[in-house]
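A quick write-up on the structure given underneath.
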Amino acid sequence: MGLYLGLISGTSMDAIDAALVDFEVTPPSVVATSATAFDPALKSRITSIMESAERVSLDEIGQIDVAVAQAFAQAAIRLMRDSGVGAGRVTAIGSHGQTLWHRPDLPLPFTWQIGDPNTLVEMTGITVVGDFRRRDVAAGGQGAPLLPVFHDQVFRSADEDRVIVNVGGMANVTILCRGAPVFGFDTGPGNRLLDAWIARHRDVNFDAGGAWAGTGRSDADLLRQLMNEPYLALPPPKSTGRELFNMQWLQKELGPQARRPEDVQATLLEYTAATIAAAARRYAPHAALYVCGGGAHNALLLATLARLAAPNRVATTAALGLDPDYVEAIAFAWFAHRTLAGLPSSAGSVTGARGARILGGVYRHA
């Protein structure tokens with residue numbers, strides 16, 4: 001059996017992305033994909049935990065761990081039902097889960113993804129590979145980003161240098177330069193600050209196409225201030241998350257000065273594009289940029305990135321044959337396939353770990 005099912009929910013918690021992939025054919029074939037909207041009540045509970053990290057209830061964390069797994073299982077079951085694929089045809093599920101907290105910078109570093117794999121096994125009747133990041137952290141790595149090794153497998157070109165840009169809640173880049181090993185890191189915020197700011201001022205979850213940002217004007221002084229964030233000057237390997245780039249951080253940067261909300265949104269969009277462009281320019285100055293993740297739908301973000309990256313090409317991964325919405329879900333199906341085959345799916349050149357590692361724990365159905 002060559003079918004594997006990948007599941008992931010990103011930092012923005014907008015949806016549970018699922019992909020069913022056939023690894024018995026070359027190249028692997030994407031059989032079906034789906035995006036299941038994240039339950040607003042569950043998202044609110046998780047956000048509440050993150051925003052009160054120093055005084056959380058263990059009962060609440062334990063229950064949310066199971067609730068996320070149930071939501072993931074329902075997404076997997078729905079995808080299999082809609083695509084006419086029985087559970088018996090799926091070798092394994094690769095489940096990233098939902099990142100609750102990511103602190104590779106502490107004296108005892110850790111990363112924590114919830115979505116209990118045991119619950120997922122029981123509900124789907126399928127072997128699950130989960131907990132992908134902690135082995136890399138235990139080996140001295142950042143535990144993120146993980147996707148560059150997958151990007152290296154499917155997007156490397158002998159004809160051009162490429163930067164694969166994943167814009168989820170955070171943004172990260174994979175540097176694929178000819179004649180060089182794969183390299184990558186988190187550049188900073190992706191959609192996270194944009195989503196949080198518009199939710200505060202417009203009562204919607206995201207700025208569709210960058211339309212609201214387009215009504216504002218980027219504040220050059222504020223942008224320069226944001227670009228002074230110390231994380232941006234750190235050398236790779238590095239990773240970040242909402243533990244740093246959150247509304248508390250933004251409010252501190254904004255200070256007491258009155259600004260039009262749409263101007264702040266425009267500046268945040270420029271900030272996301274500028275941090276990505278700066279990373280690409282430094283490490284792959286002649287590379288084409290290919291965007292995936294939710295940010296691939298933000299037309300203004302893509303146009304701003306194209307302006308800042310000119311004359312280098314900017315497109316989405318659709319130009320390379322993979323739907324930008326499902327690159328991550330496909331990757332976690334691939335990770336599960338690699339793990340069960342006893343093959344590594346990480347790279348020290350990306351995360352700083354002491355070499356490649358076989359990632360994930362295996363929770364067998366039988």
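Ordered as shown in the structure tokens, chains take letters A, B, and onward, while each chain numbers its residues from 1 and ligands are numbered from 1 in the order shown.
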Residues within 10 Å of Leu340 of chain A, only C-alpha atoms, excluding chain neighbours under 6 positions, as a list in words: Thr91, Ala92, Val129, Ile358, Leu359, Gly360, Gly361 and Val362 of chain A
Which of segment 69-276 of chain A DSSP labels alpha helix (DSSP H), written as a PyMOL selection string: chain A and resi 69-83+117-124+134-138+148-155+192-202+220-226+230-233+247-254+261-276
Contact residues around Val165 of chain A with only C-alpha atoms at 7 Å, ignoring same-chain residues under 2 positions, as a count of residues only: 9
His151 of chain A surroundings by only C-alpha atoms, 9 Å radius, close-in-sequence under 5 positions cut, as a PyMOL selection string: chain A and resi 156+164+174+176+182+327+331
Using only C-alpha atoms: which of A:Pro117, A:Ala284, A:Leu79, A:Ala144 has the shortest distance to Arg178 of chain A: A:Ala284
Given only C-alpha atoms as the counted atoms, nearest of A:Met227, A:Val128, A:Val154, A:Ala296 to Gly210 of chain A: A:Ala296
With the cut-off set at 12 Å and counting only C-alpha atoms, tabulate each residue of segment 100-186 of chain A with an atom at most that distance from an atom of segment 229-248 of chain A, showing the nearest atom pair and its distance in Å to one decimal, ordered by chain and increasing number, as JSON lines.
```
{"residue": "A:Leu100", "atom": "CA", "partner": "A:Arg242", "partner_atom": "CA", "distance": 9.6}
{"residue": "A:Trp101", "atom": "CA", "partner": "A:Glu243", "partner_atom": "CA", "distance": 7.2}
{"residue": "A:His102", "atom": "CA", "partner": "A:Gly241", "partner_atom": "CA", "distance": 6.8}
{"residue": "A:Arg103", "atom": "CA", "partner": "A:Glu243", "partner_atom": "CA", "distance": 7.9}
{"residue": "A:Pro104", "atom": "CA", "partner": "A:Ser239", "partner_atom": "CA", "distance": 7.9}
{"residue": "A:Asp105", "atom": "CA", "partner": "A:Ser239", "partner_atom": "CA", "distance": 9.1}
{"residue": "A:Thr111", "atom": "CA", "partner": "A:Gly241", "partner_atom": "CA", "distance": 10.8}
{"residue": "A:Val137", "atom": "CA", "partner": "A:Ser239", "partner_atom": "CA", "distance": 11.4}
{"residue": "A:Gly140", "atom": "CA", "partner": "A:Pro237", "partner_atom": "CA", "distance": 10.8}
{"residue": "A:Gly141", "atom": "CA", "partner": "A:Pro237", "partner_atom": "CA", "distance": 8.1}
{"residue": "A:Gln142", "atom": "CA", "partner": "A:Ser239", "partner_atom": "CA", "distance": 6.3}
{"residue": "A:Gly143", "atom": "CA", "partner": "A:Ser239", "partner_atom": "CA", "distance": 8.0}
{"residue": "A:Ala144", "atom": "CA", "partner": "A:Ser239", "partner_atom": "CA", "distance": 5.9}
{"residue": "A:Pro145", "atom": "CA", "partner": "A:Ser239", "partner_atom": "CA", "distance": 6.8}
{"residue": "A:Leu146", "atom": "CA", "partner": "A:Ser239", "partner_atom": "CA", "distance": 10.4}
{"residue": "A:Gly168", "atom": "CA", "partner": "A:Gly241", "partner_atom": "CA", "distance": 10.6}
{"residue": "A:Gly169", "atom": "CA", "partner": "A:Gly241", "partner_atom": "CA", "distance": 8.0}
{"residue": "A:Met170", "atom": "CA", "partner": "A:Gly241", "partner_atom": "CA", "distance": 6.3}
{"residue": "A:Ala171", "atom": "CA", "partner": "A:Thr240", "partner_atom": "CA", "distance": 9.2}
{"residue": "A:Asn172", "atom": "CA", "partner": "A:Ser239", "partner_atom": "CA", "distance": 8.4}
{"residue": "A:Val173", "atom": "CA", "partner": "A:Ser239", "partner_atom": "CA", "distance": 10.8}
{"residue": "A:Thr174", "atom": "CA", "partner": "A:Pro237", "partner_atom": "CA", "distance": 11.8}
{"residue": "A:Ile175", "atom": "CA", "partner": "A:Pro236", "partner_atom": "CA", "distance": 11.9}
{"residue": "A:Phe183", "atom": "CA", "partner": "A:Pro237", "partner_atom": "CA", "distance": 8.8}
{"residue": "A:Gly184", "atom": "CA", "partner": "A:Pro237", "partner_atom": "CA", "distance": 7.5}
{"residue": "A:Phe185", "atom": "CA", "partner": "A:Lys238", "partner_atom": "CA", "distance": 5.7}
{"residue": "A:Asp186", "atom": "CA", "partner": "A:Ser239", "partner_atom": "CA", "distance": 4.9}
```
